[in-house]
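Undergrad: Pasting a structure below so you can have a look.
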Amino acid sequence: MNMVTLIALTPIISVVVFLVVLRMPAMKAMPISLLVTGVIAYFFWQVPIVQLAAASIEGVLIGLSILYIVFGAILLLNTLQASGAIDTIRNSFLGISNDRRIQVILIAWLFGAFIEGAAGFGTPAAIAAPLLVALGFPPLAAVVLALVADSSPVSFGAVGTPVIVGVQQGLQEGADLAPVAALYLQDIAITDFLRLLSAQVMQIDVIVGTLMPLILILLLTRFFGENRSWKEGLVMWKFAIFAGLSFTVPALLVATFIGPEFPAIIGGLSGLVLVLFALKRRWFLPEDTWDFGAESTWSKEWFGAITVEKSEKPLKMHLALAWIPYVLLGVILVLTRLDVLPLKSWLLSFVVGWENILGTEISANFQPLYLPGSVFLVVVAITYFLHRMKFQAFKMAFSVSGKALIGTSITLFTAVPMVRIFINSGVNFAGLESMPVELAFQASTYLGDGWPFVAPFIGALGSFISGSATFSNMMFSLFQFNVADQSGLDPMLVLGLQVLGANAGNMICVVNVVAAASVVGLVGKEGAIIRMTLLPMLYYAGFSGIIGLILAFLL
């Protein structure tokens, strides 16, 4: 490994060292990593100060757009908790089935997929884990299963943010597409390219992701069952695969014909309908009902101190009324994304940003009215009146949501600038390409035709170190594209494997693990959680890579 490659790896290594090895919280690790990246970009890459400043400002503006989405998602969740809707939804799941294997599919896999599609950013695990604990799951089981289930839907989380923001921003140098990407796309609009990429992702995930419900059940019965049995999980294989297909097939159709905004939302909802229909008719179900052993037999490691979030004064609410905000969210998002309606063009016409920041070629623009954050706020306002909430409870939801963003803001406003400096380092006095491109040169030299197998693990590494599939795609999309171009591989296929790898890394992502663990009182047991989610992550990334190798050979 030459010195240029080692220096180009420094931003990645610094995150691993500070976040993983030294176990610093992300809100401390990411600012230090930003400083390290800025220093090596200035002194070794010889990136001008004005370019570093412009890239940092670009990162802050992109971070604002992401923070807007996160705030809306958290606010909607807290509003529904305050109104009592979450209590009603929780109780509805209790009445469907007593079989724990079925409960984990309904809540972690399908309901979690819908929440991922609507909110993203670690929200599904934070919602699904306490729901499972409320049903009687051991806290450790609840967190592990919620994290593992939040895998396939992540490609299209927060209405497609990992693809629409992550991949698109990751392929840009300054205001424009990187030359290698522009040459590949030619006359193809970026929106059409992202739709084709989404279809590529789901063509692989319809195989890989379909097996995830079975893996969830096997984890449940083998590690948390009284008999520690694989067999008690395997008897559910027909139902588990049906549940997997109930999500992946609709998601594939939506990704192919509509784009990256709705596969997780529609896949989760249609999956819930299909699985509930199958449950009512007892399709694919064994005769026995599976449950945990007596609590006295549980390992001490499984326990945590948890207080499940509930409304201050539980309200009697009809189930349909409780679900209306989520239904409205889906409907409004669909209506604002259809090209045949004038609403989309009107929302896109209002642009906020900065062209040619500080006189450089770097620009950052976003359309706040079109972002999902605006839709969240509209639904929150409707919910206030629809659920007849008290103003004090509504005000408290805003307060709690705002406070929850403090740590996230620090992380976002340092992690994204770090990624943008990493990507925009091509403007320099050292005569070097940007850091991702230099890394791509080395990767293509040493790995070449075997890269499709490696690509998902790069995506997983990105999610692990940055805390987000969106950040992973933003950090490594251009790198993956360059490796594909220099190795004679299809960039669309390699980018698809990057996106799938980012999904895999979501299971072991430090930020998500810490957030989910804290919700159920397992702070300090993050290591145990990661050890249990590591094998499913390796399956997901490894199987995706194997399919990628086969497709690359056929192409």
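Lettering and numbering for the structure tokens are positional, with chains as A, B, ... in the shown order, residues counted from 1 in each chain, and ligands counted from 1 in the shown order.
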At most 6 Å is the cut-off: for each residue in segment 396-481 of chain A with any atom that close to an atom of segment 49-62 of chain A, write down the nearest atom pair and the distance in Å rounded to one decimal, counting only C-alpha atoms, chain first then increasing number, as a Markdown table.
TA:
```
| residue | atom | partner | partner_atom | distance |
| --- | --- | --- | --- | --- |
| A:Phe413 | CA | A:Val60 | CA | 5.2 |
| A:Val416 | CA | A:Gly59 | CA | 4.8 |
| A:Pro417 | CA | A:Gly59 | CA | 4.0 |
| A:Arg420 | CA | A:Ala55 | CA | 5.5 |
| A:Ile421 | CA | A:Ala55 | CA | 5.4 |
```
Undergrad: Need the shell around Ala430 of chain A: protein/DNA/RNA residues with any atom at most 12 Å away, counting only C-alpha atoms. Skip same-chain ones fewer than 2 positions apart. Format as a PyMOL selection string?
TA: chain A and resi 4+40-48+425-428+432-435
Undergrad: Would you output that residue set with all heavy atoms, as a compact mmCIF listing (two decimals), in the first residue's frame?
TA:
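The new file out_20.txt reads:
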```
# COMPACT_ATOMS: atom_id res chain seq x y z
N VAL A 4 -0.06 7.45 -0.84
CA VAL A 4 -1.27 8.13 -1.32
C VAL A 4 -2.51 7.35 -0.88
O VAL A 4 -3.49 7.93 -0.39
CB VAL A 4 -1.25 8.29 -2.85
CG1 VAL A 4 -2.61 8.77 -3.36
CG2 VAL A 4 -0.16 9.28 -3.27
N ILE A 40 -5.49 16.56 6.62
CA ILE A 40 -4.78 15.78 5.58
C ILE A 40 -5.13 16.29 4.19
O ILE A 40 -4.31 16.25 3.27
CB ILE A 40 -5.04 14.26 5.73
CG1 ILE A 40 -6.50 13.92 5.45
CG2 ILE A 40 -4.58 13.75 7.07
CD1 ILE A 40 -6.72 13.18 4.19
N ALA A 41 -6.37 16.79 4.02
CA ALA A 41 -6.76 17.35 2.71
C ALA A 41 -5.94 18.62 2.42
O ALA A 41 -5.52 18.85 1.28
CB ALA A 41 -8.24 17.67 2.68
N TYR A 42 -5.68 19.42 3.45
CA TYR A 42 -4.95 20.68 3.25
C TYR A 42 -3.45 20.45 3.09
O TYR A 42 -2.82 20.96 2.16
CB TYR A 42 -5.21 21.62 4.42
CG TYR A 42 -4.47 22.93 4.31
CD1 TYR A 42 -4.87 23.90 3.39
CD2 TYR A 42 -3.36 23.20 5.11
CE1 TYR A 42 -4.18 25.10 3.27
CE2 TYR A 42 -2.65 24.40 5.00
CZ TYR A 42 -3.08 25.34 4.07
OH TYR A 42 -2.39 26.53 3.94
N PHE A 43 -2.85 19.65 3.98
CA PHE A 43 -1.39 19.53 3.99
C PHE A 43 -0.87 18.49 2.99
O PHE A 43 0.20 18.69 2.40
CB PHE A 43 -0.90 19.19 5.40
CG PHE A 43 -0.96 20.35 6.35
CD1 PHE A 43 -1.97 20.44 7.30
CD2 PHE A 43 -0.02 21.38 6.27
CE1 PHE A 43 -2.03 21.52 8.17
CE2 PHE A 43 -0.08 22.45 7.14
CZ PHE A 43 -1.09 22.53 8.08
N PHE A 44 -1.58 17.38 2.81
CA PHE A 44 -1.06 16.35 1.90
C PHE A 44 -1.69 16.48 0.52
O PHE A 44 -0.98 16.46 -0.49
CB PHE A 44 -1.32 14.95 2.46
CG PHE A 44 -0.64 13.87 1.65
CD1 PHE A 44 0.66 13.48 1.93
CD2 PHE A 44 -1.29 13.25 0.58
CE1 PHE A 44 1.30 12.51 1.17
CE2 PHE A 44 -0.67 12.27 -0.17
CZ PHE A 44 0.63 11.91 0.12
N TRP A 45 -3.00 16.60 0.46
CA TRP A 45 -3.69 16.72 -0.84
C TRP A 45 -3.56 18.13 -1.41
O TRP A 45 -3.81 18.35 -2.58
CB TRP A 45 -5.17 16.34 -0.68
CG TRP A 45 -5.59 15.23 -1.59
CD1 TRP A 45 -6.31 15.34 -2.74
CD2 TRP A 45 -5.33 13.83 -1.44
NE1 TRP A 45 -6.52 14.12 -3.31
CE2 TRP A 45 -5.92 13.15 -2.52
CE3 TRP A 45 -4.64 13.08 -0.49
CZ2 TRP A 45 -5.86 11.78 -2.69
CZ3 TRP A 45 -4.58 11.71 -0.65
CH2 TRP A 45 -5.18 11.07 -1.74
N GLN A 46 -3.21 19.07 -0.54
CA GLN A 46 -3.03 20.47 -0.92
C GLN A 46 -4.31 21.06 -1.52
O GLN A 46 -4.28 21.76 -2.54
CB GLN A 46 -1.84 20.64 -1.88
CG GLN A 46 -0.51 20.24 -1.26
CD GLN A 46 0.65 20.39 -2.22
OE1 GLN A 46 0.66 21.28 -3.05
NE2 GLN A 46 1.65 19.51 -2.10
N VAL A 47 -5.42 20.74 -0.88
CA VAL A 47 -6.71 21.33 -1.29
C VAL A 47 -6.75 22.76 -0.77
O VAL A 47 -6.47 23.00 0.41
CB VAL A 47 -7.89 20.51 -0.70
CG1 VAL A 47 -9.22 21.16 -1.07
CG2 VAL A 47 -7.83 19.07 -1.20
N PRO A 48 -7.08 23.74 -1.62
CA PRO A 48 -7.13 25.13 -1.18
C PRO A 48 -8.12 25.34 -0.03
O PRO A 48 -9.15 24.65 0.06
CB PRO A 48 -7.58 25.90 -2.42
CG PRO A 48 -7.26 24.99 -3.57
CD PRO A 48 -7.41 23.59 -3.05
N SER A 425 -12.14 16.55 -2.93
CA SER A 425 -10.70 16.76 -2.80
C SER A 425 -9.97 16.71 -4.13
O SER A 425 -8.75 16.83 -4.19
CB SER A 425 -10.09 15.71 -1.85
OG SER A 425 -10.42 14.39 -2.29
N GLY A 426 -10.71 16.54 -5.23
CA GLY A 426 -10.10 16.49 -6.55
C GLY A 426 -9.52 17.82 -7.00
O GLY A 426 -8.65 17.87 -7.88
N VAL A 427 -10.00 18.93 -6.40
CA VAL A 427 -9.42 20.25 -6.70
C VAL A 427 -8.27 20.46 -5.73
O VAL A 427 -8.48 20.72 -4.54
CB VAL A 427 -10.48 21.36 -6.54
CG1 VAL A 427 -9.85 22.73 -6.74
CG2 VAL A 427 -11.62 21.15 -7.52
N ASN A 428 -7.03 20.31 -6.22
CA ASN A 428 -5.87 20.39 -5.33
C ASN A 428 -4.62 20.79 -6.12
O ASN A 428 -4.62 20.80 -7.36
CB ASN A 428 -5.66 19.04 -4.62
CG ASN A 428 -5.42 17.91 -5.61
OD1 ASN A 428 -4.37 17.82 -6.24
ND2 ASN A 428 -6.42 17.02 -5.74
N LEU A 432 -3.27 15.27 -7.69
CA LEU A 432 -3.91 14.00 -7.40
C LEU A 432 -5.39 14.05 -7.78
O LEU A 432 -5.99 15.12 -7.85
CB LEU A 432 -3.80 13.67 -5.90
CG LEU A 432 -2.39 13.47 -5.36
CD1 LEU A 432 -2.42 13.44 -3.83
CD2 LEU A 432 -1.77 12.19 -5.91
N GLU A 433 -5.96 12.88 -8.02
CA GLU A 433 -7.41 12.79 -8.16
C GLU A 433 -8.03 12.91 -6.76
O GLU A 433 -7.32 12.96 -5.76
CB GLU A 433 -7.80 11.45 -8.80
CG GLU A 433 -7.26 11.24 -10.20
CD GLU A 433 -7.94 12.12 -11.24
OE1 GLU A 433 -9.01 12.71 -10.92
OE2 GLU A 433 -7.42 12.24 -12.36
N SER A 434 -9.36 12.96 -6.69
CA SER A 434 -10.02 13.01 -5.38
C SER A 434 -9.72 11.72 -4.62
O SER A 434 -9.33 10.71 -5.20
CB SER A 434 -11.53 13.17 -5.55
OG SER A 434 -12.10 12.03 -6.16
N MET A 435 -9.88 11.77 -3.31
CA MET A 435 -9.56 10.60 -2.48
C MET A 435 -10.32 9.33 -2.92
O MET A 435 -9.72 8.25 -3.00
CB MET A 435 -9.82 10.91 -1.01
CG MET A 435 -8.92 12.00 -0.45
SD MET A 435 -9.18 12.26 1.33
CE MET A 435 -8.53 13.93 1.52
```
Undergrad: With a distance cut-off of 9 Å and only C-alpha atoms, select the neighbouring residues of Ile86 of chain A, excluding the residue or stretch itself and same-chain residues fewer than 2 positions from it, and output the selection as a tab-separated table (two decimals) with C-alpha atoms, in the first residue's frame.
TA:
```
chain	number	residue	atom	x	y	z
A	77	LEU	CA	-43.72	9.60	16.38
A	80	LEU	CA	-48.70	9.81	18.05
A	81	GLN	CA	-47.29	8.68	21.39
A	82	ALA	CA	-48.81	11.72	23.10
A	83	SER	CA	-52.20	11.23	21.43
A	84	GLY	CA	-52.41	7.55	22.41
A	88	THR	CA	-53.71	1.55	20.20
A	89	ILE	CA	-51.45	0.22	17.44
A	90	ARG	CA	-49.42	-1.74	20.01
A	91	ASN	CA	-52.54	-3.33	21.48
A	309	GLU	CA	-43.53	5.05	25.99
A	310	LYS	CA	-47.23	5.67	26.47
A	311	SER	CA	-49.53	8.62	26.45
A	322	ALA	CA	-54.84	5.61	15.12
A	323	TRP	CA	-53.60	4.50	11.70
```
Undergrad: Residues near segment 522-539 of chain A, anyone? I mean within 7 Å using only C-alpha atoms, not counting same-chain ones fewer than 4 positions away, as JSON, numbers by chain.
TA: {"A": [144, 148, 304, 504, 505, 507, 508, 513, 514, 517, 518, 543]}
Undergrad: Would you export the selected residues with C-alpha atoms as a PDB file, in the first residue's frame, please?
TA:
```
ATOM      1  CA  VAL A 144     -31.425  -7.693  18.020  1.00  0.00           C
ATOM      2  CA  VAL A 148     -31.763  -7.326  11.856  1.00  0.00           C
ATOM      3  CA  GLY A 304     -32.831  -4.236  30.615  1.00  0.00           C
ATOM      4  CA  ALA A 504     -26.270  -4.779   5.811  1.00  0.00           C
ATOM      5  CA  GLY A 505     -24.165  -2.317   7.793  1.00  0.00           C
ATOM      6  CA  MET A 507     -27.689  -3.940  11.433  1.00  0.00           C
ATOM      7  CA  ILE A 508     -24.378  -3.300  13.200  1.00  0.00           C
ATOM      8  CA  VAL A 513     -27.331  -0.009  18.166  1.00  0.00           C
ATOM      9  CA  VAL A 514     -26.794   2.623  20.844  1.00  0.00           C
ATOM     10  CA  ALA A 517     -30.312  -0.252  23.254  1.00  0.00           C
ATOM     11  CA  SER A 518     -31.034   2.932  25.187  1.00  0.00           C
ATOM     12  CA  PHE A 543     -24.977 -13.371  -0.353  1.00  0.00           C
TER      13      PHE A 543
END
```
Undergrad: For segment 131-141 of chain A, please output as a count of residues only all residues within 9 Å (counting only C-alpha atoms; exclusion window: fewer than 5 positions along the same chain).
TA: 31
Undergrad: Using only C-alpha atoms, which residue out of A:Ile69, A:Met236, A:Ala113, A:Val180 lies closest to Asp485 of chain A?
TA: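 Under the stated criterion, the closest residue is A:Val180.
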Undergrad: Between A:Ala128, A:Leu19, A:Ile382, A:Ile207, which one has atoms that come closest to Cys509 of chain A, using only C-alpha atoms?
TA: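 Between A:Ala128, A:Leu19, A:Ile382, A:Ile207, the residue approaching Cys509 of chain A most closely is A:Leu19.
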Undergrad: Between A:Gly233, A:Pro31, A:Pro342, A:Gly160, which is the closest to Ser198 of chain A once you count only C-alpha atoms?
TA: A:Gly160
Undergrad: Give me every helix (DSSP H, G or I) residue in segment 297-362 of chain A, going by DSSP on the backbone, as a PyMOL selection string.
TA: chain A and resi 297+300-302+319-335+342-348+357-359
Undergrad: When you count only C-alpha atoms, which of these residues is closest to Ile241 of chain A: A:Ile105, A:Ala126, A:Ile188, A:Ala29?
TA: A:Ile105
Undergrad: Could you work out how far atom CA of Lys316 of chain A lies from atom CA of His387 of chain A, giving the answer in Å with one decimal?
TA: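 These atoms are spaced 10.7 Å apart.
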Undergrad: Hey, can you check how far atom CA of Ile217 of chain A sits from atom CA of Arg101 of chain A?
TA: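 Atom CA of Ile217 of chain A sits 5.8 Å away from atom CA of Arg101 of chain A.
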Undergrad: Residues within 6 Å of Ala502 of chain A, please, as an MDAnalysis selection string. Count only C-alpha atoms; anything in the same chain fewer than 5 positions from it doesn't count.
TA: chainID A and resid 459:460 463 469
Undergrad: Could you please take those selected residues and save C-alpha atoms as a PDB file, in the first residue's frame?
TA:
```
ATOM      1  CA  GLY A 459     -21.149  -0.301   1.790  1.00  0.00           C
ATOM      2  CA  ALA A 460     -21.525  -2.081   5.125  1.00  0.00           C
ATOM      3  CA  SER A 463     -22.872   2.450   7.420  1.00  0.00           C
ATOM      4  CA  ALA A 469     -26.862   4.116   4.927  1.00  0.00           C
TER       5      ALA A 469
END
```
Undergrad: Write out as a PDB file with N, CA and C atoms, in the first residue's frame which residues come within 12 Å of Leu75 of chain A when counting only C-alpha atoms, dropping same-chain ones fewer than 3 positions away.
TA:
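This is the output file around.pdb:
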```
ATOM      1  N   LEU A  67     -31.569  16.773   8.415  1.00  0.00           N
ATOM      2  CA  LEU A  67     -32.069  17.060   9.761  1.00  0.00           C
ATOM      3  C   LEU A  67     -33.554  17.408   9.725  1.00  0.00           C
ATOM      4  N   TYR A  68     -33.970  18.086   8.672  1.00  0.00           N
ATOM      5  CA  TYR A  68     -35.384  18.454   8.499  1.00  0.00           C
ATOM      6  C   TYR A  68     -36.254  17.200   8.409  1.00  0.00           C
ATOM      7  N   ILE A  69     -35.761  16.201   7.672  1.00  0.00           N
ATOM      8  CA  ILE A  69     -36.487  14.935   7.549  1.00  0.00           C
ATOM      9  C   ILE A  69     -36.527  14.213   8.896  1.00  0.00           C
ATOM     10  N   VAL A  70     -35.378  14.166   9.578  1.00  0.00           N
ATOM     11  CA  VAL A  70     -35.291  13.476  10.870  1.00  0.00           C
ATOM     12  C   VAL A  70     -36.226  14.123  11.886  1.00  0.00           C
ATOM     13  N   PHE A  71     -36.238  15.466  11.928  1.00  0.00           N
ATOM     14  CA  PHE A  71     -37.102  16.165  12.882  1.00  0.00           C
ATOM     15  C   PHE A  71     -38.567  15.838  12.631  1.00  0.00           C
ATOM     16  N   GLY A  72     -38.972  15.857  11.360  1.00  0.00           N
ATOM     17  CA  GLY A  72     -40.360  15.546  11.045  1.00  0.00           C
ATOM     18  C   GLY A  72     -40.742  14.143  11.460  1.00  0.00           C
ATOM     19  N   ASN A  78     -43.517  11.189  18.231  1.00  0.00           N
ATOM     20  CA  ASN A  78     -43.835  11.714  19.554  1.00  0.00           C
ATOM     21  C   ASN A  78     -45.264  12.237  19.647  1.00  0.00           C
ATOM     22  N   THR A  79     -45.760  12.792  18.555  1.00  0.00           N
ATOM     23  CA  THR A  79     -47.152  13.259  18.533  1.00  0.00           C
ATOM     24  C   THR A  79     -48.115  12.088  18.676  1.00  0.00           C
ATOM     25  N   LEU A  80     -47.829  10.988  17.971  1.00  0.00           N
ATOM     26  CA  LEU A  80     -48.697   9.807  18.051  1.00  0.00           C
ATOM     27  C   LEU A  80     -48.586   9.128  19.413  1.00  0.00           C
ATOM     28  N   GLN A  81     -47.424   9.211  20.032  1.00  0.00           N
ATOM     29  CA  GLN A  81     -47.295   8.679  21.390  1.00  0.00           C
ATOM     30  C   GLN A  81     -48.124   9.512  22.365  1.00  0.00           C
ATOM     31  N   ALA A  82     -48.074  10.825  22.198  1.00  0.00           N
ATOM     32  CA  ALA A  82     -48.813  11.717  23.096  1.00  0.00           C
ATOM     33  C   ALA A  82     -50.316  11.591  22.917  1.00  0.00           C
ATOM     34  N   ALA A 119     -39.937   6.965   7.663  1.00  0.00           N
ATOM     35  CA  ALA A 119     -39.109   7.790   8.552  1.00  0.00           C
ATOM     36  C   ALA A 119     -37.619   7.556   8.384  1.00  0.00           C
ATOM     37  N   THR A 123     -35.264   4.961  13.049  1.00  0.00           N
ATOM     38  CA  THR A 123     -36.572   5.023  13.712  1.00  0.00           C
ATOM     39  C   THR A 123     -37.215   3.652  13.892  1.00  0.00           C
ATOM     40  N   GLY A 373     -39.771  15.988   5.103  1.00  0.00           N
ATOM     41  CA  GLY A 373     -39.969  16.710   6.363  1.00  0.00           C
ATOM     42  C   GLY A 373     -41.207  17.580   6.339  1.00  0.00           C
ATOM     43  N   SER A 374     -41.489  18.210   5.204  1.00  0.00           N
ATOM     44  CA  SER A 374     -42.682  19.056   5.089  1.00  0.00           C
ATOM     45  C   SER A 374     -43.951  18.223   5.183  1.00  0.00           C
ATOM     46  N   VAL A 375     -43.920  17.043   4.572  1.00  0.00           N
ATOM     47  CA  VAL A 375     -45.089  16.150   4.635  1.00  0.00           C
ATOM     48  C   VAL A 375     -45.323  15.701   6.070  1.00  0.00           C
ATOM     49  N   PHE A 376     -44.249  15.378   6.774  1.00  0.00           N
ATOM     50  CA  PHE A 376     -44.375  15.003   8.185  1.00  0.00           C
ATOM     51  C   PHE A 376     -45.059  16.117   8.977  1.00  0.00           C
ATOM     52  N   LEU A 377     -44.643  17.347   8.765  1.00  0.00           N
ATOM     53  CA  LEU A 377     -45.209  18.474   9.511  1.00  0.00           C
ATOM     54  C   LEU A 377     -46.687  18.669   9.193  1.00  0.00           C
ATOM     55  N   VAL A 378     -47.064  18.490   7.931  1.00  0.00           N
ATOM     56  CA  VAL A 378     -48.480  18.597   7.548  1.00  0.00           C
ATOM     57  C   VAL A 378     -49.298  17.523   8.259  1.00  0.00           C
ATOM     58  N   VAL A 379     -48.791  16.305   8.271  1.00  0.00           N
ATOM     59  CA  VAL A 379     -49.511  15.201   8.929  1.00  0.00           C
ATOM     60  C   VAL A 379     -49.593  15.429  10.437  1.00  0.00           C
ATOM     61  N   VAL A 380     -48.522  15.966  11.024  1.00  0.00           N
ATOM     62  CA  VAL A 380     -48.538  16.285  12.461  1.00  0.00           C
ATOM     63  C   VAL A 380     -49.627  17.297  12.770  1.00  0.00           C
ATOM     64  N   ALA A 381     -49.751  18.335  11.947  1.00  0.00           N
ATOM     65  CA  ALA A 381     -50.783  19.354  12.165  1.00  0.00           C
ATOM     66  C   ALA A 381     -52.178  18.748  12.053  1.00  0.00           C
ATOM     67  N   THR A 383     -52.945  15.616  12.581  1.00  0.00           N
ATOM     68  CA  THR A 383     -53.115  14.708  13.719  1.00  0.00           C
ATOM     69  C   THR A 383     -53.560  15.454  14.976  1.00  0.00           C
ATOM     70  N   TYR A 384     -53.026  16.641  15.160  1.00  0.00           N
ATOM     71  CA  TYR A 384     -53.383  17.445  16.337  1.00  0.00           C
ATOM     72  C   TYR A 384     -54.900  17.644  16.421  1.00  0.00           C
ATOM     73  N   PHE A 394     -49.256  18.432  22.860  1.00  0.00           N
ATOM     74  CA  PHE A 394     -48.701  18.724  21.543  1.00  0.00           C
ATOM     75  C   PHE A 394     -47.407  19.526  21.669  1.00  0.00           C
ATOM     76  N   LYS A 395     -47.425  20.477  22.584  1.00  0.00           N
ATOM     77  CA  LYS A 395     -46.244  21.309  22.829  1.00  0.00           C
ATOM     78  C   LYS A 395     -45.099  20.451  23.364  1.00  0.00           C
ATOM     79  N   MET A 396     -45.430  19.508  24.236  1.00  0.00           N
ATOM     80  CA  MET A 396     -44.405  18.622  24.802  1.00  0.00           C
ATOM     81  C   MET A 396     -43.769  17.763  23.711  1.00  0.00           C
ATOM     82  N   ALA A 397     -44.575  17.301  22.732  1.00  0.00           N
ATOM     83  CA  ALA A 397     -44.043  16.503  21.622  1.00  0.00           C
ATOM     84  C   ALA A 397     -43.002  17.298  20.840  1.00  0.00           C
ATOM     85  N   PHE A 398     -43.285  18.590  20.625  1.00  0.00           N
ATOM     86  CA  PHE A 398     -42.334  19.454  19.927  1.00  0.00           C
ATOM     87  C   PHE A 398     -41.046  19.598  20.745  1.00  0.00           C
ATOM     88  N   SER A 399     -41.205  19.802  22.044  1.00  0.00           N
ATOM     89  CA  SER A 399     -40.052  20.009  22.911  1.00  0.00           C
ATOM     90  C   SER A 399     -39.147  18.787  22.948  1.00  0.00           C
ATOM     91  N   VAL A 400     -39.754  17.616  23.124  1.00  0.00           N
ATOM     92  CA  VAL A 400     -38.985  16.368  23.186  1.00  0.00           C
ATOM     93  C   VAL A 400     -38.281  16.114  21.860  1.00  0.00           C
ATOM     94  N   SER A 401     -38.974  16.381  20.762  1.00  0.00           N
ATOM     95  CA  SER A 401     -38.400  16.152  19.435  1.00  0.00           C
ATOM     96  C   SER A 401     -37.216  17.081  19.193  1.00  0.00           C
ATOM     97  N   GLY A 402     -37.364  18.334  19.607  1.00  0.00           N
ATOM     98  CA  GLY A 402     -36.272  19.290  19.430  1.00  0.00           C
ATOM     99  C   GLY A 402     -35.035  18.903  20.219  1.00  0.00           C
ATOM    100  N   LYS A 403     -35.233  18.487  21.466  1.00  0.00           N
ATOM    101  CA  LYS A 403     -34.097  18.089  22.304  1.00  0.00           C
ATOM    102  C   LYS A 403     -33.401  16.847  21.748  1.00  0.00           C
ATOM    103  N   ALA A 404     -34.183  15.974  21.113  1.00  0.00           N
ATOM    104  CA  ALA A 404     -33.608  14.736  20.559  1.00  0.00           C
ATOM    105  C   ALA A 404     -32.653  15.011  19.406  1.00  0.00           C
ATOM    106  N   LEU A 405     -32.767  16.199  18.818  1.00  0.00           N
ATOM    107  CA  LEU A 405     -31.944  16.527  17.656  1.00  0.00           C
ATOM    108  C   LEU A 405     -30.580  17.112  17.998  1.00  0.00           C
TER     109      LEU A 405
END
```
Undergrad: From the set A:Ile127, A:Leu35, A:Leu279, A:Ile190, which residue has the shortest atom-to-atom contact distance to Leu177 of chain A, counting only C-alpha atoms?
TA: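 Checking each of A:Ile127, A:Leu35, A:Leu279, A:Ile190 against Leu177 of chain A, counting only C-alpha atoms, the winner is A:Ile190.
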Undergrad: Using only C-alpha atoms, find the one residue out of A:Ala264, A:Ala199, A:Val254, A:Leu386 that sits nearest to Leu497 of chain A.
TA: A:Ala199
Undergrad: Work out how far apart atom CA of Gly244 of chain A and atom CA of Leu211 of chain A are and give it in Å to one decimal.
TA: 6.2 Å
Undergrad: Considering only strand (DSSP E or B) as DSSP defines it on the backbone, what residues of segment 85-196 of chain A qualify? List them as a ChimeraX atom specification.
TA: /A:172-173,176-177
Undergrad: The selected residues should be written to file as a short mmCIF file (atom, residue, chain, number, x, y, z; two decimals), in the first residue's frame (atoms: N, CA, C and O atoms).
TA:
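Final output, result-v5.cif:
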```cif
data_model
loop_
_atom_site.label_atom_id
_atom_site.label_comp_id
_atom_site.auth_asym_id
_atom_site.auth_seq_id
_atom_site.Cartn_x
_atom_site.Cartn_y
_atom_site.Cartn_z
N GLN A 172 -21.66 13.37 -7.15
CA GLN A 172 -21.39 14.73 -7.59
C GLN A 172 -20.02 15.21 -7.13
O GLN A 172 -19.56 14.86 -6.05
N GLU A 173 -19.40 15.99 -7.98
CA GLU A 173 -18.22 16.76 -7.61
C GLU A 173 -18.58 18.22 -7.82
O GLU A 173 -18.77 18.65 -8.96
N ASP A 176 -22.03 19.52 -10.13
CA ASP A 176 -22.32 18.64 -11.24
C ASP A 176 -21.92 17.20 -10.95
O ASP A 176 -21.16 16.92 -10.01
N LEU A 177 -22.42 16.30 -11.78
CA LEU A 177 -22.00 14.91 -11.69
C LEU A 177 -20.51 14.81 -11.97
O LEU A 177 -19.96 15.55 -12.80
#
```
